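Enquirer: Below is the file input_26.txt, which contains compact mmCIF, C-alpha atoms.
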```
# COMPACT_ATOMS: atom_id res chain seq x y z
CA MET A 18 -15.60 -30.49 160.46
CA LYS A 19 -14.19 -27.00 160.82
CA ARG A 20 -10.58 -28.22 160.85
CA LYS A 21 -11.17 -30.19 157.68
CA HIS A 22 -12.52 -27.14 155.91
CA GLN A 23 -9.60 -25.10 157.11
CA ARG A 24 -7.13 -27.62 155.76
CA ALA A 25 -8.98 -27.87 152.45
CA LEU A 26 -8.92 -24.09 152.16
CA PHE A 27 -5.21 -24.07 152.98
CA VAL A 28 -4.40 -26.69 150.33
CA GLY A 29 -6.55 -24.91 147.74
CA ALA A 30 -5.04 -21.50 148.46
CA GLY A 31 -1.54 -22.97 148.40
CA LEU A 32 -2.15 -24.50 144.98
CA ALA A 33 -3.61 -21.24 143.65
CA VAL A 34 -0.57 -19.24 144.83
CA LEU A 35 1.72 -21.88 143.34
CA ALA A 36 -0.07 -21.78 139.98
CA LEU A 37 0.14 -17.98 139.92
CA ALA A 38 3.84 -17.99 140.82
CA THR A 39 4.60 -20.60 138.15
CA THR A 40 2.72 -18.61 135.52
CA LEU A 41 4.66 -15.46 136.42
CA VAL A 42 8.02 -17.25 136.34
CA LEU A 43 7.32 -18.97 133.01
CA ASN A 44 6.09 -15.69 131.55
CA SER A 45 9.20 -13.82 132.59
CA LEU A 46 11.47 -16.58 131.29
CA GLY A 47 9.39 -16.49 128.12
CA GLN A 48 11.28 -17.05 124.93
CA SER A 49 14.53 -18.02 126.66
CA LEU A 50 12.96 -21.46 127.14
CA ASN A 51 12.82 -21.92 123.38
CA TYR A 52 15.11 -24.61 122.13
CA PHE A 53 15.76 -22.95 118.77
CA LEU A 54 15.47 -19.68 116.82
CA MET A 55 13.75 -19.27 113.44
CA PRO A 56 15.50 -17.81 110.36
CA THR A 57 13.45 -14.60 110.63
CA GLU A 58 14.66 -14.06 114.19
CA VAL A 59 18.28 -14.67 113.17
CA LEU A 60 18.07 -12.27 110.21
CA ALA A 61 16.41 -9.62 112.39
CA GLY A 62 19.57 -9.85 114.48
CA GLU A 63 17.80 -9.43 117.81
CA ASP A 64 18.92 -11.70 120.63
CA VAL A 65 21.10 -13.78 118.33
CA PRO A 66 23.74 -15.43 120.53
CA GLN A 67 27.39 -14.82 119.72
CA GLY A 68 28.47 -18.44 120.07
CA THR A 69 26.76 -21.71 119.28
CA PHE A 70 22.97 -21.78 119.13
CA GLN A 71 20.14 -23.76 117.51
CA LEU A 72 18.31 -22.77 114.36
CA GLY A 73 15.05 -24.45 113.36
CA GLY A 74 12.83 -24.48 110.30
CA LEU A 75 11.98 -26.46 107.20
CA VAL A 76 14.57 -27.64 104.67
CA SER A 77 13.60 -25.76 101.48
CA ASP A 78 12.56 -27.92 98.52
CA GLY A 79 15.30 -28.26 95.91
CA SER A 80 17.91 -26.54 98.07
CA PHE A 81 19.90 -29.59 99.14
CA GLU A 82 23.38 -29.93 97.61
CA ALA A 83 26.16 -32.34 98.43
CA ASP A 84 29.80 -32.00 97.33
CA ASP A 85 32.36 -34.76 96.74
CA GLU A 86 33.79 -34.54 100.25
CA MET A 87 30.48 -35.28 102.04
CA GLY A 88 29.89 -31.64 102.78
CA VAL A 89 26.27 -30.58 102.40
CA SER A 90 24.44 -27.29 102.11
CA PHE A 91 20.74 -26.46 102.21
CA GLN A 92 18.34 -23.62 102.92
CA VAL A 93 16.31 -23.46 106.12
CA GLU A 94 13.07 -21.46 105.88
CA ASP A 95 10.24 -20.50 108.18
CA GLY A 96 7.68 -19.23 105.71
CA SER A 97 8.85 -15.63 105.54
CA SER A 98 12.62 -15.89 105.27
CA SER A 99 15.32 -18.47 104.74
CA LEU A 100 19.05 -18.73 105.25
CA SER A 101 21.73 -21.09 104.05
CA VAL A 102 23.31 -23.78 106.20
CA VAL A 103 26.53 -25.68 105.58
CA TYR A 104 27.39 -28.95 107.30
CA ASP A 105 30.41 -31.24 107.05
CA GLN A 106 29.43 -34.92 107.42
CA VAL A 107 33.05 -36.08 107.69
CA ALA A 108 33.77 -33.90 110.69
CA HIS A 109 30.40 -34.15 112.46
CA GLY A 110 28.71 -37.39 111.35
CA LEU A 111 26.07 -38.42 108.86
CA LEU A 112 22.72 -36.67 108.60
CA PRO A 113 19.88 -38.35 110.56
CA ASP A 114 17.63 -40.81 108.71
CA LEU A 115 14.63 -38.52 108.81
CA PHE A 116 16.50 -35.62 107.16
CA ARG A 117 14.88 -34.70 103.83
CA GLU A 118 13.71 -31.68 101.90
CA GLY A 119 10.42 -30.30 103.13
CA GLN A 120 10.96 -31.74 106.63
CA GLY A 121 11.57 -29.90 109.87
CA VAL A 122 15.17 -29.62 110.96
CA ILE A 123 17.13 -28.17 113.86
CA VAL A 124 20.77 -27.28 113.26
CA GLU A 125 23.28 -26.39 115.94
CA GLY A 126 26.18 -24.15 115.06
CA GLN A 127 27.25 -20.57 114.50
CA TRP A 128 25.93 -17.74 112.38
CA ASP A 129 28.72 -15.85 110.59
CA GLY A 130 26.51 -13.14 109.16
CA SER A 131 25.99 -14.77 105.77
CA GLN A 132 25.61 -18.47 106.45
CA PHE A 133 25.01 -20.83 109.33
CA VAL A 134 27.93 -23.20 109.92
CA ALA A 135 26.37 -26.28 111.53
CA SER A 136 28.17 -28.75 113.76
CA ARG A 137 25.05 -30.85 114.39
CA VAL A 138 21.88 -31.57 112.42
CA LEU A 139 18.73 -32.95 114.10
CA ALA A 140 15.62 -33.95 112.17
CA LYS A 141 12.30 -32.81 113.61
CA HIS A 142 9.20 -34.78 112.76
CA ASP A 143 5.60 -33.65 112.81
CA GLU A 144 2.66 -35.10 114.74
CA ASN A 145 1.19 -37.00 111.78
CA TYR A 146 1.49 -40.78 111.72
CA MET A 147 0.17 -42.89 108.84
CA PRO A 148 1.08 -45.83 106.64
CA PRO A 149 2.86 -45.07 103.32
CA GLU A 150 -0.25 -46.01 101.25
CA VAL A 151 -2.38 -43.49 103.11
CA ALA A 152 0.24 -40.77 102.60
CA GLU A 153 0.33 -41.58 98.86
CA GLY A 154 -3.45 -41.52 98.67
CA LEU A 155 -3.66 -38.16 100.37
CA LYS A 156 -1.08 -36.71 97.99
CA GLU A 157 -2.95 -38.02 94.95
CA MET A 158 -6.24 -36.62 96.16
CA GLY A 159 -4.62 -33.26 96.81
CA GLU A 160 -5.64 -33.53 100.44
CA TRP A 161 -2.06 -33.38 101.63
CA ARG A 162 -1.57 -31.06 104.56
CA GLY A 163 1.89 -32.25 105.56
CA GLU A 164 5.01 -30.18 105.69
CA GLU A 165 5.94 -30.55 102.05
CA THR A 166 3.44 -27.96 100.89
CA PRO A 167 3.86 -24.84 102.96
CA MET B 15 9.46 -63.78 109.44
CA SER B 16 13.02 -62.47 109.23
CA GLY B 17 11.57 -59.08 108.34
CA PHE B 18 9.70 -59.04 111.64
CA PHE B 19 12.88 -59.34 113.66
CA GLU B 20 14.84 -56.91 111.52
CA MET B 21 12.30 -54.10 111.93
CA GLY B 22 13.42 -52.43 108.71
CA GLY B 23 16.98 -52.09 110.01
CA TYR B 24 15.88 -50.47 113.28
CA GLU B 25 15.79 -53.72 115.27
CA ALA B 26 18.33 -52.46 117.85
CA TYR B 27 16.12 -49.51 118.80
CA VAL B 28 12.70 -51.19 118.58
CA TRP B 29 13.64 -54.37 120.46
CA SER B 30 15.63 -52.46 123.10
CA SER B 31 12.55 -50.35 123.78
CA TYR B 32 10.33 -53.39 124.26
CA ALA B 33 13.00 -55.12 126.34
CA MET B 34 13.27 -52.08 128.63
CA ALA B 35 9.48 -52.02 128.98
CA ALA B 36 9.49 -55.70 129.93
CA ILE B 37 12.30 -55.22 132.46
CA VAL B 38 10.65 -52.23 134.16
CA LEU B 39 7.08 -53.61 134.20
CA VAL B 40 8.00 -57.16 135.24
CA GLY B 41 10.58 -55.84 137.70
CA LEU B 42 7.95 -53.72 139.47
CA VAL B 43 5.62 -56.72 139.69
CA VAL B 44 8.35 -58.94 141.16
CA VAL B 45 9.48 -56.37 143.73
CA SER B 46 5.90 -55.54 144.78
CA LEU B 47 4.75 -59.16 145.07
CA ARG B 48 7.87 -60.20 146.94
CA SER B 49 7.38 -57.53 149.60
CA LEU B 50 3.67 -58.41 149.86
CA ARG B 51 4.40 -62.12 150.40
CA ALA B 52 7.21 -61.39 152.87
CA ARG B 53 4.98 -59.12 154.96
CA GLU B 54 2.09 -61.58 154.87
CA ALA B 55 4.43 -64.25 156.22
CA GLN B 56 5.87 -61.92 158.85
CA LEU B 57 2.45 -60.83 160.13
CA LYS B 58 1.24 -64.42 160.24
CA ALA B 59 4.29 -65.46 162.25
CA LEU B 60 3.78 -62.55 164.65
CA GLU B 61 0.09 -63.35 165.15
CA GLU B 62 0.81 -67.05 165.77
CA ASP B 63 3.47 -65.97 168.20
CA GLN B 64 0.91 -63.87 170.05
CA LYS B 65 -1.59 -66.73 170.18
CA GLY B 66 1.13 -68.94 171.58
CA ASP B 67 1.86 -66.37 174.30
CA ALA B 68 -1.82 -66.02 175.23
CA SER B 69 -2.56 -69.72 175.68
CA MET C 12 -12.27 -41.99 172.07
CA LYS C 13 -8.94 -43.63 171.45
CA ALA C 14 -10.60 -46.95 170.72
CA MET C 15 -12.86 -45.19 168.23
CA SER C 16 -10.01 -43.69 166.28
CA ARG C 17 -8.22 -47.02 166.17
CA LEU C 18 -11.39 -48.65 164.91
CA HIS C 19 -11.58 -46.01 162.17
CA GLN C 20 -8.00 -46.81 161.21
CA PHE C 21 -8.72 -50.50 160.80
CA ALA C 22 -12.23 -50.51 159.42
CA ASN C 23 -11.32 -48.89 156.16
CA PRO C 24 -8.22 -50.94 155.38
CA MET C 25 -10.32 -54.07 155.97
CA ARG C 26 -13.02 -52.89 153.62
CA PHE C 27 -10.23 -52.04 151.18
CA ALA C 28 -8.81 -55.56 151.50
CA ARG C 29 -12.14 -57.08 150.50
CA LEU C 30 -12.57 -54.65 147.64
CA SER C 31 -9.07 -55.21 146.31
CA GLN C 32 -9.55 -58.99 146.51
CA ALA C 33 -12.62 -58.62 144.31
CA ILE C 34 -10.99 -56.27 141.78
CA LEU C 35 -7.57 -57.93 141.44
CA PRO C 36 -8.44 -61.06 139.41
CA TRP C 37 -10.31 -58.94 136.87
CA ALA C 38 -7.56 -56.34 136.66
CA ILE C 39 -4.89 -59.02 136.23
CA GLY C 40 -6.89 -60.75 133.49
CA LEU C 41 -7.53 -57.45 131.73
CA THR C 42 -3.83 -56.53 131.88
CA VAL C 43 -2.73 -59.84 130.37
CA VAL C 44 -5.34 -59.83 127.59
CA LEU C 45 -4.87 -56.15 126.66
CA MET C 46 -1.07 -56.47 126.73
CA ALA C 47 -1.17 -59.53 124.46
CA VAL C 48 -3.57 -57.92 121.98
CA GLY C 49 -1.72 -54.58 122.06
CA LEU C 50 1.69 -56.16 121.55
CA TYR C 51 0.51 -58.33 118.66
CA TRP C 52 -1.32 -55.44 117.02
CA GLY C 53 1.54 -52.99 117.53
CA LEU C 54 4.43 -55.25 116.58
CA VAL C 55 2.88 -57.43 113.87
CA VAL C 56 -0.39 -56.09 112.47
CA SER C 57 0.09 -52.31 112.45
CA PRO C 58 1.80 -50.77 109.40
CA VAL C 59 5.08 -48.88 109.25
CA ASP C 60 4.97 -45.07 109.26
CA TYR C 61 5.46 -43.27 105.93
CA GLN C 62 8.34 -41.25 107.39
CA GLN C 63 9.63 -43.19 110.37
CA GLY C 64 9.37 -46.77 109.17
CA ASP C 65 9.40 -49.43 111.87
CA THR C 66 10.61 -47.06 114.60
CA VAL C 67 6.99 -45.91 114.93
CA ARG C 68 6.43 -49.15 116.87
CA ILE C 69 8.38 -47.62 119.75
CA MET C 70 5.36 -45.32 120.11
CA TYR C 71 3.25 -48.21 121.45
CA VAL C 72 5.34 -48.33 124.62
CA HIS C 73 6.69 -44.77 124.72
CA VAL C 74 3.37 -42.91 124.59
CA PRO C 75 1.43 -45.11 127.08
CA ALA C 76 4.39 -44.89 129.48
CA ALA C 77 4.47 -41.09 129.16
CA TRP C 78 0.70 -40.77 129.61
CA MET C 79 0.76 -43.04 132.66
CA ALA C 80 3.73 -41.12 134.08
CA MET C 81 1.56 -38.01 134.16
CA PHE C 82 -1.66 -39.81 135.15
CA THR C 83 0.08 -41.51 138.08
CA TYR C 84 1.47 -38.18 139.26
CA VAL C 85 -1.98 -36.57 139.22
CA PHE C 86 -3.36 -39.60 141.09
CA MET C 87 -0.55 -39.32 143.65
CA ALA C 88 -1.12 -35.58 144.11
CA ALA C 89 -4.90 -36.04 144.48
CA ALA C 90 -4.39 -38.81 147.05
CA SER C 91 -1.87 -36.61 148.85
CA ALA C 92 -4.37 -33.74 148.99
CA ALA C 93 -7.03 -36.11 150.35
CA GLY C 94 -4.54 -37.35 152.92
CA LEU C 95 -3.69 -33.81 154.00
CA ILE C 96 -7.30 -32.64 154.24
CA TRP C 97 -9.17 -35.67 155.61
CA ARG C 98 -6.22 -37.39 157.32
CA HIS C 99 -7.42 -40.65 155.81
CA PRO C 100 -4.66 -43.25 156.19
CA LEU C 101 -5.70 -45.05 153.02
CA ALA C 102 -5.11 -41.89 150.97
CA ASP C 103 -1.52 -41.64 152.22
CA ILE C 104 -1.01 -45.32 151.51
CA ALA C 105 -2.37 -44.92 147.96
CA ALA C 106 -0.07 -41.97 147.24
CA LYS C 107 2.99 -43.72 148.68
CA SER C 108 2.23 -46.93 146.77
CA ALA C 109 1.74 -45.12 143.45
CA ALA C 110 5.10 -43.30 143.49
CA PRO C 111 7.43 -46.17 142.47
CA ILE C 112 5.02 -47.18 139.68
CA GLY C 113 4.98 -43.61 138.38
CA ALA C 114 8.76 -43.41 138.59
CA GLY C 115 8.93 -46.64 136.57
CA PHE C 116 6.62 -45.24 133.88
CA THR C 117 8.62 -41.99 133.70
CA PHE C 118 11.91 -43.85 133.43
CA LEU C 119 10.42 -45.98 130.66
CA ALA C 120 9.18 -42.90 128.79
CA LEU C 121 12.64 -41.30 129.00
CA VAL C 122 14.54 -44.42 127.90
CA THR C 123 12.22 -45.35 125.02
CA GLY C 124 12.19 -41.69 123.97
CA ALA C 125 15.98 -41.75 123.73
CA LEU C 126 15.84 -45.01 121.76
CA TRP C 127 13.38 -43.39 119.37
CA GLY C 128 15.18 -40.04 119.19
CA GLN C 129 18.55 -41.45 118.24
CA PRO C 130 17.52 -43.02 114.90
CA MET C 131 14.89 -40.39 113.97
CA TRP C 132 16.09 -37.05 115.33
CA GLY C 133 19.77 -37.95 115.35
CA THR C 134 20.21 -37.53 119.09
CA TRP C 135 19.47 -39.45 122.29
CA TRP C 136 18.71 -36.31 124.24
CA VAL C 137 18.29 -32.55 123.97
CA TRP C 138 17.44 -30.01 126.66
CA ASP C 139 14.21 -28.84 125.08
CA GLY C 140 11.05 -27.96 127.01
CA ARG C 141 9.37 -31.37 126.72
CA LEU C 142 12.32 -33.61 127.55
CA THR C 143 13.52 -31.39 130.39
CA SER C 144 10.09 -31.16 132.04
CA VAL C 145 9.70 -34.97 131.93
CA LEU C 146 13.13 -35.37 133.51
CA ILE C 147 11.95 -33.02 136.28
CA LEU C 148 8.89 -35.28 136.73
CA PHE C 149 11.23 -38.23 137.25
CA PHE C 150 13.18 -36.30 139.90
CA LEU C 151 9.90 -35.30 141.62
CA TYR C 152 9.02 -39.00 141.97
CA LEU C 153 12.49 -39.78 143.34
CA GLY C 154 12.30 -36.83 145.75
CA TYR C 155 8.85 -37.94 146.93
CA MET C 156 10.09 -41.47 147.64
CA ALA C 157 13.21 -40.13 149.37
CA LEU C 158 11.05 -37.98 151.69
CA TRP C 159 9.13 -41.05 152.87
CA GLN C 160 12.46 -42.66 153.69
CA ALA C 161 13.82 -39.56 155.44
CA TYR C 162 11.35 -39.58 158.37
CA ASP C 163 10.89 -42.27 161.00
CA GLU C 164 7.37 -41.18 161.86
CA PRO C 165 4.85 -42.02 159.11
CA ALA C 166 2.67 -39.02 160.06
CA LYS C 167 5.47 -36.52 159.51
CA ALA C 168 6.73 -38.28 156.39
CA SER C 169 3.30 -38.37 154.80
CA ARG C 170 2.78 -34.63 155.36
CA ALA C 171 6.17 -33.62 153.94
CA ALA C 172 5.81 -35.97 150.97
CA ALA C 173 2.23 -34.81 150.30
CA ILE C 174 3.35 -31.17 150.16
CA LEU C 175 6.10 -32.04 147.67
CA ALA C 176 3.60 -34.02 145.55
CA LEU C 177 1.21 -31.05 145.49
CA VAL C 178 3.92 -28.52 144.68
CA GLY C 179 5.17 -30.72 141.85
CA VAL C 180 1.74 -31.01 140.24
CA VAL C 181 2.33 -27.69 138.42
CA ASN C 182 4.84 -29.60 136.30
CA VAL C 183 2.10 -31.76 134.73
CA PRO C 184 0.43 -29.00 132.64
CA ILE C 185 3.91 -27.70 131.80
CA ILE C 186 4.80 -31.12 130.34
CA HIS C 187 1.61 -31.21 128.31
CA TYR C 188 1.82 -27.67 126.92
CA SER C 189 5.63 -27.47 126.61
CA VAL C 190 5.44 -28.44 122.94
CA GLU C 191 2.98 -25.60 122.27
CA TRP C 192 4.44 -22.86 124.45
CA TRP C 193 8.02 -23.20 123.29
CA ASN C 194 10.00 -24.31 120.27
CA THR C 195 10.99 -27.88 121.01
CA LEU C 196 12.59 -30.75 119.16
CA HIS C 197 9.74 -32.95 120.38
CA GLN C 198 6.72 -32.82 118.05
CA PRO C 199 3.29 -31.57 119.26
CA ALA C 200 0.56 -33.88 120.58
CA SER C 201 -1.05 -36.28 118.09
CA VAL C 202 -3.94 -37.80 120.04
CA LEU C 203 -5.11 -35.21 122.57
CA LYS C 204 -5.40 -32.26 120.21
CA ILE C 205 -8.04 -29.91 118.88
CA GLY C 206 -9.56 -31.28 115.68
CA GLY C 207 -9.05 -34.94 116.56
CA PRO C 208 -6.06 -37.26 116.43
CA SER C 209 -3.58 -37.01 113.57
CA ILE C 210 -2.71 -40.69 113.74
CA ASP C 211 -4.06 -43.16 111.21
CA PRO C 212 -6.63 -45.54 112.82
CA SER C 213 -4.36 -48.50 112.00
CA MET C 214 -1.85 -47.03 114.48
CA LEU C 215 -4.27 -45.30 116.87
CA TRP C 216 -6.03 -48.55 117.86
CA PRO C 217 -2.96 -50.47 119.04
CA LEU C 218 -1.82 -47.29 120.82
CA LEU C 219 -5.10 -46.96 122.73
CA ILE C 220 -5.14 -50.68 123.60
CA MET C 221 -1.61 -50.49 124.94
CA ALA C 222 -2.60 -47.38 126.93
CA LEU C 223 -5.51 -49.33 128.48
CA ALA C 224 -3.16 -52.24 129.20
CA PHE C 225 -0.80 -49.88 131.04
CA ASN C 226 -3.77 -48.53 132.98
CA ALA C 227 -4.91 -51.99 134.06
CA TYR C 228 -1.31 -52.83 134.97
CA PHE C 229 -1.21 -49.71 137.16
CA VAL C 230 -4.35 -50.83 139.04
CA VAL C 231 -2.90 -54.30 139.66
CA VAL C 232 0.47 -53.17 140.96
CA LEU C 233 -1.07 -50.30 142.95
CA LEU C 234 -3.43 -52.70 144.78
CA TRP C 235 -0.58 -55.12 145.55
CA ARG C 236 1.61 -52.33 146.85
CA MET C 237 -1.22 -50.84 148.95
CA ARG C 238 -1.94 -54.19 150.56
CA SER C 239 1.74 -54.62 151.26
CA GLU C 240 1.90 -51.14 152.83
CA ILE C 241 -1.14 -51.85 155.03
CA LEU C 242 0.52 -55.06 156.22
CA ALA C 243 3.72 -53.14 156.97
CA ARG C 244 1.76 -50.75 159.19
CA ARG C 245 0.02 -53.60 161.00
CA ILE C 246 3.37 -55.29 161.60
CA HIS C 247 4.69 -51.99 162.93
CA ILE C 248 1.74 -51.70 165.37
CA VAL C 249 2.11 -55.31 166.57
CA LEU C 250 5.82 -54.81 167.15
CA MET C 251 5.17 -51.56 169.04
CA GLN C 252 2.55 -53.25 171.25
CA ARG C 253 4.95 -56.05 171.98
CA ALA C 254 7.75 -53.65 172.85
CA ALA C 255 5.35 -51.79 175.20
CA SER C 256 4.15 -54.89 177.05
```
Give the structure from the file, written as structure tokens.

Expert:
Amino acid sequence: MKRKHQRALFVGAGLAVLALATTLVLNSLGQSLNYFLMPTEVLAGEDVPQGTFQLGGLVSDGSFEADDEMGVSFQVEDGSSSLSVVYDQVAHGLLPDLFREGQGVIVEGQWDGSQFVASRVLAKHDENYMPPEVAEGLKEMGEWRGEETP
Amino acid sequence: MSGFFEMGGYEAYVWSSYAMAAIVLVGLVVVSLRSLRAREAQLKALEEDQKGDAS
Amino acid sequence: MKAMSRLHQFANPMRFARLSQAILPWAIGLTVVLMAVGLYWGLVVSPVDYQQGDTVRIMYVHVPAAWMAMFTYVFMAAASAAGLIWRHPLADIAAKSAAPIGAGFTFLALVTGALWGQPMWGTWWVWDGRLTSVLILFFLYLGYMALWQAYDEPAKASRAAAILALVGVVNVPIIHYSVEWWNTLHQPASVLKIGGPSIDPSMLWPLLIMALAFNAYFVVVLLWRMRSEILARRIHIVLMQRAAS
């Protein structure tokens, strides 16, 4: 009986130490585990990488523009600030199917101080799933809490 | 019915997903059952062997 | 004393054999029925998503596979802990038998995730917190299985593998909370969230039925694999006795 208790104690203590160590490591790594930065963080200029990095936010309503050569530009916002993104579909491929105004987006590229030159655009979707009729109904009733109304 | 197979133009992604699921799940069943049957047969042969030795 | 311990080794596997014989037909029937209902509901009856169209149907295999990948790991770690503490052979056998099933679920979650990500996100893969932590889960399963292969003695192998399984269990909460702790491309949880699921019932029902089907499937394959593992150990003992005599 005693040996069993000893082993149980050992396993429990080992797991506790492991959990503590993991918490400390994840805490110290902190924000470096983020996949993307927000516009506010980029404009603040702190920890903005020199080379290629990812920027995430919502595509501002009414900001999308396309030129004749399949180049596009749009604003990415995070609620408090926004910045402009340019993307060349000929050089880097078409926008993903889910890309639309009001939707989440992650763009990969470089910040030149005034605009973000993207070499890749990824669409981010939210955790809401529903049929089109339900989405329409919610919008009509003014119950919409999706991404289109910030 | 053609709409069902086309999956709104996403048929390649939807059907590949279900095909992968079928391959993995059925594959695990086949591998697991095969080893179970093989070991049952092996143990039976060994036990019969032992009986033969004893008599 | 020695006879007693051998009796202890055999008594439980025999009780387990009877129990598994009784459970298996029900579990097999449940798997078949739930799979059939879930597939029909998910592929035919359930509506398209307002944003994602028909690709939302990938959810009905992707999400159950991902849930079961984590559930199986927790099961494996719990069985490993029981094996370490009580030295119960059946616990080791359960953990060892669960690993390939969990690896299969994880692989399925990764592949179907890529097949969903490409049309919707515009990429098969990114190194964000969620996707990376699930890939680590897959490697933990592979490492666990490799450890069993690396030792000749089952006693040593089970201890080394159990320790790896327990160490790796910290990854499970990391997978779950990765989408909340860090900015990720992967969206947050839809079903297990505060305030209730944010999935329309017409999609939630087929999802839950498929999840139950995967669960029943896990029970079936786990029981088959455990019986096979018990037989392997009996064969090993018979062969050893024969070599000794």

Enquirer: Take the point (8.8, -55.9, 111.4) as written in the file and pick out every residue within 10 Å of it, counting all atoms listed in the file; give the list as a PyMOL selection string.

Expert: (chain B and resi 15-25+28) or (chain C and resi 53-59+64-66+68)

Enquirer: Taking all atoms listed in the file into account, what are the residues of chain C at most 8 Å from chain A, put as a PyMOL selection string?

Expert: chain C and resi 58-63+92+95-97+130-134+138-140+177-178+181+193-201+209-211+213-214

Enquirer: I'd like the contact shell of C:Leu151 - 9 Å cut-off, all atoms listed in the file, skipping same-chain residues fewer than 6 positions apart - returned as a list in words.

Expert: Ala114, Leu175, Ala176 and Gly179 of chain C

Enquirer: Between atom CA of A:Asp78 and atom CA of A:Thr57, what is the distance in Å, rounded to a tenth?

Expert: 18.0 Å

Enquirer: Determine the nearest neighbour of B:Ala33 from the options C:Ala173, C:Ile69, C:Arg253, C:Ala227, counting only C-alpha atoms.

Expert: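 Of C:Ala173, C:Ile69, C:Arg253, C:Ala227, the one nearest B:Ala33, counting only C-alpha atoms, is C:Ile69.
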
Enquirer: Got a sec to check which residues sit within 12 Å of (1.0, -38.0, 138.0), counting all atoms listed in the file, and write them as an NGL selection string?

Expert: :C and (76-91 or 106 or 109-117 or 145 or 148-149 or 151-152 or 155 or 176-184 or 186-187 or 229)

Enquirer: One decimal, Å: what's the distance from atom CA of A:Val103 over to atom CA of A:Val59, could you say?

Expert: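 Pair atom CA of A:Val103 / atom CA of A:Val59 returns 15.7 Å.
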
Enquirer: What separation in Å, quoted to one decimal, exists between atom CA of A:Gly79 and atom CA of C:Gly128?

Expert: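 Separation of atom CA of A:Gly79 and atom CA of C:Gly128: 26.1 Å.
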
Enquirer: Would you mind putting N, CA and C atoms back on stretch 235-249 of chain C and writing the result as an mmCIF file, in the coordinates of the input?

Expert:
```cif
data_model
loop_
_atom_site.group_PDB
_atom_site.id
_atom_site.type_symbol
_atom_site.label_atom_id
_atom_site.label_comp_id
_atom_site.auth_asym_id
_atom_site.auth_seq_id
_atom_site.Cartn_x
_atom_site.Cartn_y
_atom_site.Cartn_z
ATOM 1 N N TRP C 235 -1.558 -54.282 144.851
ATOM 2 C CA TRP C 235 -0.580 -55.120 145.550
ATOM 3 C C TRP C 235 0.265 -54.295 146.520
ATOM 4 N N ARG C 236 0.730 -53.162 146.021
ATOM 5 C CA ARG C 236 1.610 -52.330 146.850
ATOM 6 C C ARG C 236 0.848 -51.752 148.046
ATOM 7 N N MET C 237 -0.431 -51.383 147.834
ATOM 8 C CA MET C 237 -1.220 -50.840 148.950
ATOM 9 C C MET C 237 -1.448 -51.897 150.016
ATOM 10 N N ARG C 238 -1.756 -53.115 149.571
ATOM 11 C CA ARG C 238 -1.940 -54.190 150.560
ATOM 12 C C ARG C 238 -0.672 -54.438 151.341
ATOM 13 N N SER C 239 0.453 -54.408 150.617
ATOM 14 C CA SER C 239 1.740 -54.620 151.260
ATOM 15 C C SER C 239 2.017 -53.514 152.290
ATOM 16 N N GLU C 240 1.672 -52.282 151.933
ATOM 17 C CA GLU C 240 1.900 -51.140 152.830
ATOM 18 C C GLU C 240 1.016 -51.233 154.072
ATOM 19 N N ILE C 241 -0.243 -51.679 153.874
ATOM 20 C CA ILE C 241 -1.140 -51.850 155.030
ATOM 21 C C ILE C 241 -0.581 -52.899 155.978
ATOM 22 N N LEU C 242 -0.078 -54.000 155.399
ATOM 23 C CA LEU C 242 0.520 -55.060 156.220
ATOM 24 C C LEU C 242 1.721 -54.513 156.989
ATOM 25 N N ALA C 243 2.535 -53.699 156.313
ATOM 26 C CA ALA C 243 3.720 -53.140 156.970
ATOM 27 C C ALA C 243 3.311 -52.330 158.189
ATOM 28 N N ARG C 244 2.206 -51.568 158.053
ATOM 29 C CA ARG C 244 1.760 -50.750 159.190
ATOM 30 C C ARG C 244 1.210 -51.614 160.319
ATOM 31 N N ARG C 245 0.524 -52.710 159.938
ATOM 32 C CA ARG C 245 0.020 -53.600 161.000
ATOM 33 C C ARG C 245 1.171 -54.263 161.731
ATOM 34 N N ILE C 246 2.184 -54.671 160.976
ATOM 35 C CA ILE C 246 3.370 -55.290 161.600
ATOM 36 C C ILE C 246 4.010 -54.291 162.559
ATOM 37 N N HIS C 247 4.099 -53.040 162.103
ATOM 38 C CA HIS C 247 4.690 -51.990 162.930
ATOM 39 C C HIS C 247 3.921 -51.860 164.253
ATOM 40 N N ILE C 248 2.566 -51.853 164.168
ATOM 41 C CA ILE C 248 1.740 -51.700 165.370
ATOM 42 C C ILE C 248 1.935 -52.897 166.312
ATOM 43 N N VAL C 249 1.936 -54.110 165.746
ATOM 44 C CA VAL C 249 2.110 -55.310 166.570
ATOM 45 C C VAL C 249 3.460 -55.261 167.288
#
```
